[in-house]
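S.K.: File name start_18.csv; file contents CSV, C-alpha atoms and all ligand atoms; full text below.
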```
chain,number,residue,atom,x,y,z
A,18,MET,CA,-27.7,-18.6,3.7
A,19,PRO,CA,-28.2,-15.1,5.1
A,20,SER,CA,-30.9,-13.2,3.1
A,21,PRO,CA,-31.3,-9.5,2.6
A,22,ALA,CA,-34.4,-9.8,4.7
A,23,GLU,CA,-32.2,-11.0,7.6
A,24,PHE,CA,-30.3,-7.7,7.3
A,25,ALA,CA,-33.5,-5.6,7.6
A,26,VAL,CA,-32.8,-5.3,11.3
A,27,ALA,CA,-29.3,-4.0,10.6
A,28,LEU,CA,-30.5,-1.5,8.0
A,29,PRO,CA,-31.0,1.5,10.4
A,30,ALA,CA,-27.4,1.1,11.7
A,31,MET,CA,-25.9,0.6,8.2
A,32,THR,CA,-27.8,3.6,6.9
A,33,ALA,CA,-26.5,5.7,9.8
A,34,TRP,CA,-22.9,4.7,9.1
A,35,ARG,CA,-23.3,5.2,5.3
A,36,GLN,CA,-24.9,8.7,5.7
A,37,ASP,CA,-22.2,9.6,8.2
A,38,PHE,CA,-19.5,8.7,5.7
A,39,HIS,CA,-21.4,10.5,3.1
A,40,ARG,CA,-21.5,13.7,5.2
A,41,HIS,CA,-17.7,13.5,5.8
A,42,PRO,CA,-16.0,12.4,2.5
A,43,GLU,CA,-12.3,12.2,2.4
A,44,LEU,CA,-9.9,11.9,-0.5
A,45,GLY,CA,-7.5,9.0,-1.2
A,46,PHE,CA,-4.9,8.4,1.5
A,47,GLN,CA,-6.6,11.0,3.7
A,48,GLU,CA,-9.5,8.8,5.0
A,49,HIS,CA,-8.4,9.3,8.6
A,50,ARG,CA,-11.9,9.9,10.0
A,51,THR,CA,-13.5,7.1,8.0
A,52,ALA,CA,-10.7,4.6,8.9
A,53,ALA,CA,-10.9,5.5,12.6
A,54,ARG,CA,-14.7,5.0,12.6
A,55,VAL,CA,-14.3,1.6,10.8
A,56,ALA,CA,-11.7,0.4,13.2
A,57,ASP,CA,-13.8,1.5,16.2
A,58,LEU,CA,-16.9,-0.4,15.0
A,59,LEU,CA,-14.9,-3.5,14.2
A,60,ARG,CA,-13.3,-3.5,17.6
A,61,GLY,CA,-16.7,-3.1,19.2
A,62,TRP,CA,-17.7,-6.4,17.7
A,63,GLY,CA,-14.6,-8.2,19.0
A,64,ILE,CA,-12.8,-8.2,15.6
A,65,ALA,CA,-9.0,-8.0,15.5
A,66,VAL,CA,-8.0,-4.7,13.8
A,67,THR,CA,-4.8,-3.7,12.1
A,68,GLU,CA,-4.6,0.0,11.1
A,69,GLY,CA,-2.1,2.0,9.0
A,70,ILE,CA,-1.6,-0.2,6.0
A,71,ALA,CA,-1.1,2.1,3.0
A,72,GLY,CA,-1.5,4.9,5.5
A,73,THR,CA,-5.3,4.8,6.1
A,74,GLY,CA,-6.0,1.2,5.2
A,75,VAL,CA,-7.7,-1.0,7.8
A,76,VAL,CA,-7.8,-4.8,8.0
A,77,GLY,CA,-10.3,-6.6,10.3
A,78,THR,CA,-9.7,-10.3,11.0
A,79,ILE,CA,-12.5,-12.6,11.9
A,80,GLN,CA,-11.7,-16.2,12.9
A,81,GLY,CA,-14.5,-18.7,12.4
A,82,ARG,CA,-14.5,-22.4,13.3
A,83,PRO,CA,-11.1,-24.0,13.0
A,84,GLY,CA,-10.1,-24.2,9.3
A,85,ASN,CA,-7.1,-23.7,7.0
A,86,ARG,CA,-8.8,-21.5,4.4
A,87,ALA,CA,-8.9,-17.7,4.4
A,88,ILE,CA,-10.5,-15.2,2.1
A,89,ALA,CA,-10.4,-11.4,1.8
A,90,LEU,CA,-13.4,-9.1,1.2
A,91,ARG,CA,-12.5,-5.7,0.0
A,92,ALA,CA,-14.3,-2.3,0.3
A,93,ASP,CA,-12.9,1.0,-0.8
A,94,MET,CA,-13.3,4.1,1.4
A,95,ASP,CA,-12.3,7.2,-0.6
A,96,ALA,CA,-14.3,10.0,-2.1
A,97,LEU,CA,-13.8,12.4,-5.1
A,98,ALA,CA,-12.8,16.0,-5.5
A,99,MET,CA,-16.2,17.2,-6.5
A,100,THR,CA,-18.8,19.6,-5.0
A,101,GLU,CA,-22.0,17.8,-4.2
A,102,ALA,CA,-25.3,19.1,-5.6
A,103,THR,CA,-27.8,16.6,-4.3
A,104,GLY,CA,-29.3,18.9,-1.6
A,105,LEU,CA,-29.7,15.9,0.7
A,106,THR,CA,-29.9,16.3,4.4
A,107,TYR,CA,-26.7,14.3,4.8
A,108,ALA,CA,-24.9,15.9,1.8
A,109,SER,CA,-21.2,16.5,2.1
A,110,THR,CA,-20.2,19.2,4.6
A,111,THR,CA,-16.9,19.8,2.7
A,112,PRO,CA,-16.7,21.7,-0.5
A,113,ASP,CA,-14.9,19.9,-3.3
A,114,ARG,CA,-15.3,16.5,-1.5
A,115,MET,CA,-18.0,14.1,-2.4
A,116,HIS,CA,-18.9,10.4,-2.2
A,117,ALA,CA,-19.9,10.3,-5.8
A,118,CYS,CA,-18.9,6.7,-6.5
A,119,GLY,CA,-20.7,5.0,-3.6
A,120,HIS,CA,-17.6,4.0,-1.6
A,121,ASP,CA,-19.5,5.2,1.4
A,122,GLY,CA,-22.0,2.4,0.6
A,123,HIS,CA,-19.3,-0.2,0.1
A,124,THR,CA,-17.8,0.6,3.5
A,125,ALA,CA,-21.2,0.4,5.2
A,126,MET,CA,-22.0,-2.9,3.5
A,127,LEU,CA,-18.8,-4.5,4.6
A,128,LEU,CA,-19.3,-3.2,8.1
A,129,GLY,CA,-22.8,-4.8,8.1
A,130,ALA,CA,-21.3,-8.1,7.0
A,131,ALA,CA,-18.5,-7.8,9.6
A,132,GLU,CA,-21.0,-7.4,12.4
A,133,TRP,CA,-23.0,-10.4,11.3
A,134,LEU,CA,-19.9,-12.6,10.7
A,135,ALA,CA,-18.5,-11.7,14.1
A,136,ALA,CA,-21.8,-12.8,15.7
A,137,HIS,CA,-22.0,-16.0,13.6
A,138,ARG,CA,-18.5,-17.4,13.7
A,139,ASP,CA,-19.9,-20.9,13.9
A,140,ARG,CA,-21.3,-20.5,10.4
A,141,PHE,CA,-17.9,-20.7,8.6
A,142,ALA,CA,-14.5,-22.5,9.0
A,143,GLY,CA,-11.4,-20.4,8.6
A,144,THR,CA,-10.5,-16.8,8.4
A,145,VAL,CA,-12.1,-13.7,6.9
A,146,GLN,CA,-9.9,-10.7,6.3
A,147,LEU,CA,-11.9,-7.5,5.8
A,148,VAL,CA,-9.9,-5.1,3.7
A,149,PHE,CA,-10.9,-1.5,3.9
A,150,GLN,CA,-8.8,0.0,1.2
A,151,PRO,CA,-7.8,3.7,0.8
A,152,ALA,CA,-7.4,5.6,-2.5
A,153,GLU,CA,-9.2,3.6,-5.1
A,154,GLU,CA,-9.8,6.6,-7.3
A,155,SER,CA,-6.7,7.2,-9.4
A,156,LEU,CA,-4.1,7.0,-6.5
A,157,GLY,CA,-3.6,3.3,-6.5
A,158,GLY,CA,-4.3,2.4,-2.8
A,159,ALA,CA,-4.5,-1.3,-3.7
A,160,ARG,CA,-1.0,-1.4,-5.0
A,161,VAL,CA,0.3,0.4,-2.0
A,162,MET,CA,-1.5,-2.1,0.3
A,163,ALA,CA,0.0,-5.0,-1.6
A,164,GLU,CA,3.5,-3.5,-1.6
A,165,GLU,CA,3.2,-3.0,2.2
A,166,GLY,CA,2.7,-6.7,2.5
A,167,LEU,CA,-1.0,-7.1,2.7
A,168,PHE,CA,-1.0,-10.7,1.5
A,169,GLU,CA,2.1,-11.7,3.4
A,170,ARG,CA,0.7,-10.3,6.7
A,171,PHE,CA,-2.8,-11.6,6.0
A,172,PRO,CA,-2.4,-14.6,3.7
A,173,VAL,CA,-5.6,-15.5,1.8
A,174,ASP,CA,-6.6,-18.1,-0.8
A,175,ALA,CA,-8.8,-15.5,-2.7
A,176,ILE,CA,-9.9,-11.9,-2.6
A,177,TYR,CA,-13.4,-10.6,-3.6
A,178,GLY,CA,-14.6,-7.1,-4.6
A,179,LEU,CA,-18.1,-5.6,-4.9
A,180,HIS,CA,-19.1,-2.3,-6.6
A,181,ASN,CA,-22.5,-0.7,-6.8
A,182,LEU,CA,-23.9,-0.2,-10.3
A,183,PRO,CA,-26.8,2.2,-11.0
A,184,GLY,CA,-29.0,1.1,-13.8
A,185,LEU,CA,-28.8,-2.6,-12.8
A,186,PRO,CA,-32.0,-3.6,-10.9
A,187,LEU,CA,-31.7,-3.3,-7.1
A,188,GLY,CA,-30.3,-6.4,-5.6
A,189,THR,CA,-29.1,-8.0,-8.8
A,190,VAL,CA,-25.6,-9.4,-8.6
A,191,ALA,CA,-23.7,-9.5,-11.8
A,192,VAL,CA,-20.4,-11.5,-12.0
A,193,PRO,CA,-18.7,-11.2,-15.4
A,194,LYS,CA,-16.9,-14.3,-16.5
A,195,GLY,CA,-13.7,-12.7,-17.8
A,196,PRO,CA,-12.9,-9.0,-18.1
A,197,VAL,CA,-14.9,-6.8,-15.8
A,198,LEU,CA,-13.1,-3.4,-16.2
A,199,ALA,CA,-10.5,-2.0,-18.5
A,200,SER,CA,-6.9,-1.1,-18.0
A,201,SER,CA,-6.5,2.6,-17.3
A,202,ASP,CA,-3.2,4.2,-18.5
A,203,THR,CA,-2.1,7.8,-19.1
A,204,TRP,CA,-0.1,8.9,-22.1
A,205,GLU,CA,1.7,12.2,-22.9
A,206,VAL,CA,3.4,13.6,-25.9
A,207,THR,CA,5.3,16.8,-26.4
A,208,PHE,CA,5.8,17.9,-30.0
A,209,THR,CA,8.6,20.5,-30.3
A,210,GLY,CA,9.1,22.4,-33.4
A,211,ILE,CA,10.3,26.0,-34.2
A,212,GLY,CA,8.0,28.8,-33.2
A,213,THR,CA,7.5,31.6,-35.7
A,214,HIS,CA,5.3,34.4,-37.0
A,215,GLY,CA,1.8,33.2,-37.9
A,216,ALA,CA,2.2,34.9,-41.2
A,217,LYS,CA,5.5,33.2,-42.0
A,218,PRO,CA,5.0,29.4,-41.3
A,219,HIS,CA,7.8,28.5,-43.7
A,220,LEU,CA,10.4,30.0,-41.3
A,221,GLY,CA,9.4,27.6,-38.5
A,222,ARG,CA,8.4,24.0,-37.9
A,223,ASP,CA,4.8,23.7,-36.9
A,224,ALA,CA,4.3,21.4,-33.8
A,225,THR,CA,0.6,22.2,-33.8
A,226,LEU,CA,0.1,20.6,-37.2
A,227,ALA,CA,2.0,17.5,-36.0
A,228,ALA,CA,-0.3,17.4,-33.0
A,229,ALA,CA,-3.4,17.5,-35.2
A,230,ALA,CA,-2.1,14.7,-37.4
A,231,PHE,CA,-1.3,12.7,-34.2
A,232,ILE,CA,-4.8,13.1,-32.8
A,233,LEU,CA,-6.3,11.8,-36.0
A,234,GLY,CA,-3.8,9.0,-36.3
A,235,LEU,CA,-4.6,7.8,-32.8
A,236,GLN,CA,-8.1,7.0,-33.7
A,237,ALA,CA,-6.9,4.5,-36.4
A,238,ILE,CA,-5.6,2.2,-33.7
A,239,ALA,CA,-9.0,1.3,-32.3
A,240,ALA,CA,-10.7,1.6,-35.7
A,241,ARG,CA,-8.2,-0.3,-37.9
A,242,GLU,CA,-5.8,-2.3,-35.8
A,243,VAL,CA,-7.7,-3.8,-32.9
A,244,ASP,CA,-10.3,-6.6,-33.5
A,245,PRO,CA,-13.7,-4.9,-33.9
A,246,LEU,CA,-15.0,-7.3,-31.3
A,247,GLY,CA,-12.2,-6.4,-28.9
A,248,THR,CA,-12.1,-3.2,-27.0
A,249,ALA,CA,-9.6,-0.3,-27.2
A,250,VAL,CA,-10.2,3.4,-26.3
A,251,VAL,CA,-7.7,6.2,-26.8
A,252,SER,CA,-8.9,9.7,-25.8
A,253,VAL,CA,-7.2,13.0,-25.7
A,254,GLY,CA,-8.0,14.8,-22.5
A,255,HIS,CA,-5.7,17.8,-22.5
A,256,ILE,CA,-3.9,20.0,-25.1
A,257,ALA,CA,-1.7,23.0,-24.3
A,258,ALA,CA,0.0,25.2,-26.8
A,259,GLY,CA,0.6,28.9,-27.5
A,260,ASP,CA,-1.2,31.7,-25.8
A,261,ALA,CA,-4.8,32.8,-26.3
A,262,VAL,CA,-3.7,36.4,-26.6
A,263,ALA,CA,-1.1,35.6,-29.3
A,264,PRO,CA,-3.1,34.2,-32.2
A,265,ASN,CA,-0.4,35.4,-34.7
A,266,VAL,CA,2.3,33.2,-33.2
A,267,ILE,CA,2.9,29.6,-34.2
A,268,PRO,CA,3.8,27.9,-30.9
A,269,HIS,CA,7.1,26.4,-30.3
A,270,SER,CA,5.7,23.2,-28.7
A,271,VAL,CA,2.4,21.4,-28.0
A,272,PHE,CA,1.7,19.2,-25.1
A,273,LEU,CA,-1.0,16.5,-25.2
A,274,ARG,CA,-2.2,14.2,-22.5
A,275,GLY,CA,-4.9,11.5,-22.6
A,276,THR,CA,-6.1,8.1,-21.5
A,277,ALA,CA,-5.8,4.6,-23.0
A,278,ARG,CA,-8.1,1.7,-22.1
A,279,ALA,CA,-8.2,-2.0,-23.0
A,280,LEU,CA,-9.7,-5.2,-21.6
A,281,GLU,CA,-6.8,-7.4,-22.6
A,282,GLU,CA,-3.1,-7.1,-21.7
A,283,ALA,CA,-2.1,-7.7,-25.3
A,284,VAL,CA,-4.3,-4.9,-26.6
A,285,ARG,CA,-3.0,-2.6,-23.9
A,286,THR,CA,0.6,-3.3,-25.0
A,287,HIS,CA,-0.4,-2.6,-28.6
A,288,LEU,CA,-1.8,0.8,-27.6
A,289,GLU,CA,1.4,1.6,-25.8
A,290,THR,CA,3.5,0.6,-28.8
A,291,ARG,CA,1.4,2.4,-31.4
A,292,ILE,CA,0.9,5.7,-29.4
A,293,ARG,CA,4.7,6.0,-29.3
A,294,GLU,CA,5.1,5.0,-33.0
A,295,ILE,CA,2.4,7.3,-34.3
A,296,ALA,CA,3.9,10.2,-32.3
A,297,LYS,CA,7.4,9.6,-33.8
A,298,ALA,CA,6.0,9.1,-37.3
A,299,VAL,CA,4.0,12.3,-37.4
A,300,ALA,CA,7.0,14.1,-35.9
A,301,LEU,CA,9.1,12.9,-38.8
A,302,GLN,CA,6.5,13.8,-41.3
A,303,HIS,CA,6.3,17.3,-40.0
A,304,ARG,CA,10.0,17.8,-39.2
A,305,VAL,CA,9.5,18.3,-35.5
A,306,GLN,CA,10.5,16.3,-32.4
A,307,ALA,CA,8.2,14.0,-30.4
A,308,ALA,CA,8.7,13.0,-26.8
A,309,PRO,CA,6.1,10.4,-26.0
A,310,ARG,CA,5.5,8.9,-22.6
A,311,TYR,CA,3.2,6.0,-21.7
A,312,ILE,CA,2.4,5.6,-18.0
A,313,ARG,CA,1.1,2.2,-17.0
A,314,ARG,CA,-1.3,2.9,-14.2
A,315,LEU,CA,-3.8,0.0,-13.9
A,316,GLY,CA,-4.1,-3.3,-15.7
A,317,PRO,CA,-7.5,-4.7,-16.7
A,318,THR,CA,-9.6,-6.2,-14.0
A,319,VAL,CA,-10.2,-9.8,-15.2
A,320,ASN,CA,-12.1,-12.3,-13.0
A,321,HIS,CA,-10.5,-15.6,-12.2
A,322,ALA,CA,-12.9,-18.4,-13.4
A,323,ALA,CA,-13.1,-20.4,-10.1
A,324,GLN,CA,-13.7,-17.4,-7.9
A,325,ALA,CA,-16.3,-15.9,-10.3
A,326,ALA,CA,-18.1,-19.2,-10.1
A,327,VAL,CA,-18.1,-19.0,-6.3
A,328,MET,CA,-19.5,-15.5,-6.4
A,329,LEU,CA,-22.3,-16.6,-8.8
A,330,ALA,CA,-23.1,-19.6,-6.5
A,331,ALA,CA,-23.1,-17.3,-3.5
A,332,ALA,CA,-25.5,-14.9,-5.2
A,333,THR,CA,-27.9,-17.6,-6.2
A,334,GLY,CA,-30.5,-17.8,-3.5
A,335,THR,CA,-29.7,-14.5,-1.9
A,336,ALA,CA,-29.6,-11.9,-4.7
A,337,THR,CA,-32.8,-10.6,-6.3
A,338,ALA,CA,-31.4,-11.8,-9.7
A,339,VAL,CA,-28.0,-13.2,-10.8
A,340,ARG,CA,-26.3,-12.4,-14.1
A,341,ASP,CA,-23.1,-13.9,-15.5
A,342,ASP,CA,-23.3,-12.1,-18.9
A,343,HIS,CA,-22.8,-8.5,-17.8
A,344,PRO,CA,-20.6,-6.8,-20.4
A,345,PRO,CA,-17.3,-5.3,-19.4
A,346,ILE,CA,-17.0,-1.6,-18.6
A,347,THR,CA,-14.2,0.6,-19.9
A,348,ALA,CA,-13.7,2.4,-16.5
A,349,GLY,CA,-10.7,1.2,-14.5
A,350,GLU,CA,-10.4,-0.3,-11.0
A,351,ASP,CA,-7.3,-0.8,-8.9
A,352,PHE,CA,-8.8,-4.1,-7.7
A,353,SER,CA,-6.8,-5.4,-10.7
A,354,GLU,CA,-3.7,-4.9,-8.5
A,355,PHE,CA,-5.0,-7.5,-6.1
A,356,LEU,CA,-6.0,-9.9,-8.9
A,357,ALA,CA,-2.6,-9.6,-10.4
A,358,ARG,CA,-1.2,-11.2,-7.2
A,359,ILE,CA,-3.8,-13.7,-6.0
A,360,PRO,CA,-7.0,-15.3,-7.3
A,361,GLY,CA,-10.2,-13.5,-7.0
A,362,ALA,CA,-13.3,-12.0,-8.6
A,363,TYR,CA,-15.3,-8.8,-8.7
A,364,ALA,CA,-19.0,-8.4,-8.9
A,365,TRP,CA,-21.5,-5.6,-9.5
A,366,LEU,CA,-24.4,-5.0,-7.1
A,367,GLY,CA,-27.4,-3.4,-8.8
A,368,THR,CA,-28.7,-0.3,-7.1
A,369,GLY,CA,-31.6,0.4,-9.5
A,370,GLU,CA,-32.4,3.5,-11.4
A,371,PRO,CA,-30.8,6.7,-9.9
A,372,VAL,CA,-33.3,9.0,-8.2
A,373,HIS,CA,-31.9,12.0,-10.1
A,374,PRO,CA,-31.8,11.5,-13.9
A,375,GLU,CA,-28.1,12.5,-13.9
A,376,GLY,CA,-27.3,10.6,-10.8
A,377,PHE,CA,-24.7,8.3,-12.2
A,378,GLN,CA,-21.3,7.7,-10.6
A,379,HIS,CA,-18.9,10.7,-10.6
A,380,ASN,CA,-21.8,13.1,-11.2
A,381,VAL,CA,-22.7,15.8,-8.6
A,382,HIS,CA,-26.2,14.4,-8.2
A,383,PHE,CA,-25.1,10.8,-7.4
A,384,ASP,CA,-26.1,9.1,-4.2
A,385,PHE,CA,-25.8,5.5,-3.1
A,386,PRO,CA,-29.3,4.2,-2.2
A,387,ASP,CA,-29.4,2.8,1.3
A,388,ALA,CA,-32.0,0.2,0.2
A,389,ALA,CA,-29.1,-1.6,-1.4
A,390,LEU,CA,-27.1,-2.0,1.9
A,391,PRO,CA,-28.9,-5.2,3.1
A,392,HIS,CA,-28.4,-6.8,-0.4
A,393,GLY,CA,-24.6,-6.2,-0.3
A,394,ALA,CA,-24.2,-7.3,3.3
A,395,ALA,CA,-26.2,-10.5,2.7
A,396,PHE,CA,-24.2,-11.3,-0.4
A,397,TRP,CA,-20.9,-10.9,1.5
A,398,CYS,CA,-22.0,-13.2,4.2
A,399,SER,CA,-23.3,-15.8,1.7
A,400,LEU,CA,-20.0,-15.7,0.0
A,401,VAL,CA,-18.2,-16.4,3.2
A,402,GLU,CA,-20.5,-19.3,4.1
A,403,ARG,CA,-19.9,-20.8,0.6
A,404,GLU,CA,-16.1,-20.3,0.4
A,405,LEU,CA,-15.5,-21.3,4.0
A,406,ALA,CA,-18.0,-24.0,4.3
A,501,ZN,ZN,-15.2,6.0,-9.0
A,502,ZN,ZN,-15.9,3.3,-7.3
```
Mind turning the file's structure into structure tokens?
Ligand SMILES: [Zn+2]
Ligand SMILES: [Zn+2]

M.R.:
Amino acid sequence: MPSPAEFAVALPAMTAWRQDFHRHPELGFQEHRTAARVADLLRGWGIAVTEGIAGTGVVGTIQGRPGNRAIALRADMDALAMTEATGLTYASTTPDRMHACGHDGHTAMLLGAAEWLAAHRDRFAGTVQLVFQPAEESLGGARVMAEEGLFERFPVDAIYGLHNLPGLPLGTVAVPKGPVLASSDTWEVTFTGIGTHGAKPHLGRDATLAAAAFILGLQAIAAREVDPLGTAVVSVGHIAAGDAVAPNVIPHSVFLRGTARALEEAVRTHLETRIREIAKAVALQHRVQAAPRYIRRLGPTVNHAAQAAVMLAAATGTATAVRDDHPPITAGEDFSEFLARIPGAYAWLGTGEPVHPEGFQHNVHFDFPDAALPHGAAFWCSLVERELA
């Protein structure tokens, strides 16, 4: 099995790719420079390259010894609309663009694995599809890739994903047995009443009061309706009503928007049903109208048992430590779009404590530590050796 030590020789190159991506972050579906660099590197190692899937997606195909099996390894390439504050020499050169989730590291690790696999085709039997995915952050690049025929054009028996996780010791690979990440849906409600003078509420119908009752009512779903050992989150992210310069006006309508998260499809469906019902019920109570909308964005990311076992086995012997008991996280991942279509699993790669105390993901001080690159690349190659033995 390839070890992280075996990738020490590749570390300077992987670091250079990673820091280059970091310097030039691109938002979802706009990863033109990143995708071109990925495609160039893959071609340089004699790997067959297909570009333009979901716009900026790239697939590299590596054929090993003759074999019927095929697997896909996925890395995401997109950055976030944030302005970096790390002060690093390779910090983002573009305002309001930043690799704050470590997808620069994911891309570099999969490239490191690609170079090794292309040079060691005798070490596995079958086909490896390297999936460089655009637009993981909120824009649903995985779904677009799947809808554009990713798995019809590149049939695989399983797909695997890997994401860095600060706080988990460097080189630890954690493969949760069931749910890894939550569903991530958006809901909206407009309450429409009758606007009136702030001094004469009885002449109107107060949509604001209905909105207040709705917000309180929402919290009863997780607190009273979902199993306390289960997981449900409903958060209000945005409220808009009235005008700051008109405090003596009761607004005609109130618009609210928020997020709903769950680790199980059944809980997710319950959230959808109850958010609608509570909106309608408080509207009735307060004699206003409610127009709720629930937008299903991403399902929960739930590992398939057989593929999770393969990931665990591949990590054993190459990873610094292996964990199968890592608790789920209520963030969302569009890798769920792949898992809804074919078997697969998703693992966390520990990157240790962040250098900056606030340097967690989606923070302006975040940076992917290059010391993690050999660990990720070695893990990918071990996984290929095990799956395509
Ligand atoms: Zn992210
Ligand atoms: Zn991410």

S.K.: Would you mind reading off the distance between CA of Ile232 (chain A) and CA of His303 (chain A), one decimal, in Å?

M.R.: 13.9 Å

S.K.: Which of these, A:Gln378, A:Ser109, A:Thr189, A:Ser399, has the shortest distance to ligand ZN 501 (chain A) once you count all atoms listed in the file?

M.R.: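 Answer, going by the shortest atom-to-atom distance: A:Gln378.
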
S.K.: Just checking: using all atoms listed in the file, which residue out of A:Ala117, A:Met328, A:Leu156, A:Ala279 ends up closest to ligand ZN 501 (chain A)?

M.R.: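 Residue with the minimum atom-to-atom distance to ligand ZN 501 (chain A): A:Ala117.
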
S.K.: Neighbourhood query: residues within 8 Å of (-1.2, 12.0, -21.3), file coordinates, counting all atoms listed in the file; return as number ranges by chain.

M.R.: A: 203-206, 253-255, 273-276, 310-311

S.K.: Using all atoms listed in the file, determine which residues fall within 12 Å of ligand ZN 501 (chain A), then list them as a ChimeraX atom specification.

M.R.: /A:44-45,93-99,115-121,123,152-156,180-182,348-351,377-380,383

S.K.: Save out the residues we just selected, C-alpha atoms, as a compact mmCIF listing (two decimals), in the coordinates of the input.

M.R.:
```txt
# COMPACT_ATOMS: atom_id res chain seq x y z
CA LEU A 44 -9.90 11.90 -0.50
CA GLY A 45 -7.50 9.00 -1.20
CA ASP A 93 -12.90 1.00 -0.80
CA MET A 94 -13.30 4.10 1.40
CA ASP A 95 -12.30 7.20 -0.60
CA ALA A 96 -14.30 10.00 -2.10
CA LEU A 97 -13.80 12.40 -5.10
CA ALA A 98 -12.80 16.00 -5.50
CA MET A 99 -16.20 17.20 -6.50
CA MET A 115 -18.00 14.10 -2.40
CA HIS A 116 -18.90 10.40 -2.20
CA ALA A 117 -19.90 10.30 -5.80
CA CYS A 118 -18.90 6.70 -6.50
CA GLY A 119 -20.70 5.00 -3.60
CA HIS A 120 -17.60 4.00 -1.60
CA ASP A 121 -19.50 5.20 1.40
CA HIS A 123 -19.30 -0.20 0.10
CA ALA A 152 -7.40 5.60 -2.50
CA GLU A 153 -9.20 3.60 -5.10
CA GLU A 154 -9.80 6.60 -7.30
CA SER A 155 -6.70 7.20 -9.40
CA LEU A 156 -4.10 7.00 -6.50
CA HIS A 180 -19.10 -2.30 -6.60
CA ASN A 181 -22.50 -0.70 -6.80
CA LEU A 182 -23.90 -0.20 -10.30
CA ALA A 348 -13.70 2.40 -16.50
CA GLY A 349 -10.70 1.20 -14.50
CA GLU A 350 -10.40 -0.30 -11.00
CA ASP A 351 -7.30 -0.80 -8.90
CA PHE A 377 -24.70 8.30 -12.20
CA GLN A 378 -21.30 7.70 -10.60
CA HIS A 379 -18.90 10.70 -10.60
CA ASN A 380 -21.80 13.10 -11.20
CA PHE A 383 -25.10 10.80 -7.40
```

S.K.: When you look at Ala216 (chain A) with a cut-off of 9 Å (counting all atoms listed in the file), what residues show up, excluding the ones that are within fewer than 5 positions of it in the same chain? I need them as a list of chain:residue names.

M.R.: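 The contact residues come out as A:Asn265, A:Val266, A:Ile267.
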
S.K.: Could you list, as a list of chain:residue names, every residue within 9 Å of Val192 (chain A), counting only C-alpha atoms and ignoring same-chain residues fewer than 6 positions away?

M.R.: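 Listing them by chain and then by number gives A:Asn320, A:Ala325, A:Ala326, A:Met328, A:Leu329, A:Val339, A:Arg340, A:Asp341, A:Asp342, A:His343, A:Ala362, A:Tyr363, A:Ala364, A:Trp365.
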
S.K.: Kindly extract all protein, DNA and RNA residues lying within 6 Å of the coordinates (7.4, 26.8, -32.0) given in the file, considering all atoms listed in the file, and supply them as a PyMOL selection string.

M.R.: chain A and resi 210-212+267-270

S.K.: Write a file for region 221-235 of chain A of the given structure; include C-alpha atoms and format it as an mmCIF file, in the first residue's frame.

M.R.:
```cif
data_model
loop_
_atom_site.group_PDB
_atom_site.id
_atom_site.type_symbol
_atom_site.label_atom_id
_atom_site.label_comp_id
_atom_site.auth_asym_id
_atom_site.auth_seq_id
_atom_site.Cartn_x
_atom_site.Cartn_y
_atom_site.Cartn_z
ATOM 1 C CA GLY A 221 -55.224 46.237 10.073
ATOM 2 C CA ARG A 222 -54.077 42.630 10.268
ATOM 3 C CA ASP A 223 -50.587 42.296 11.633
ATOM 4 C CA ALA A 224 -48.359 40.057 9.525
ATOM 5 C CA THR A 225 -45.424 40.832 11.841
ATOM 6 C CA LEU A 226 -47.130 39.242 14.833
ATOM 7 C CA ALA A 227 -47.880 36.156 12.740
ATOM 8 C CA ALA A 228 -44.212 36.006 11.714
ATOM 9 C CA ALA A 229 -43.144 36.201 15.357
ATOM 10 C CA ALA A 230 -45.486 33.337 16.300
ATOM 11 C CA PHE A 231 -44.192 31.363 13.319
ATOM 12 C CA ILE A 232 -40.547 31.746 14.396
ATOM 13 C CA LEU A 233 -41.329 30.511 17.895
ATOM 14 C CA GLY A 234 -43.492 27.690 16.554
ATOM 15 C CA LEU A 235 -40.703 26.461 14.278
#
```
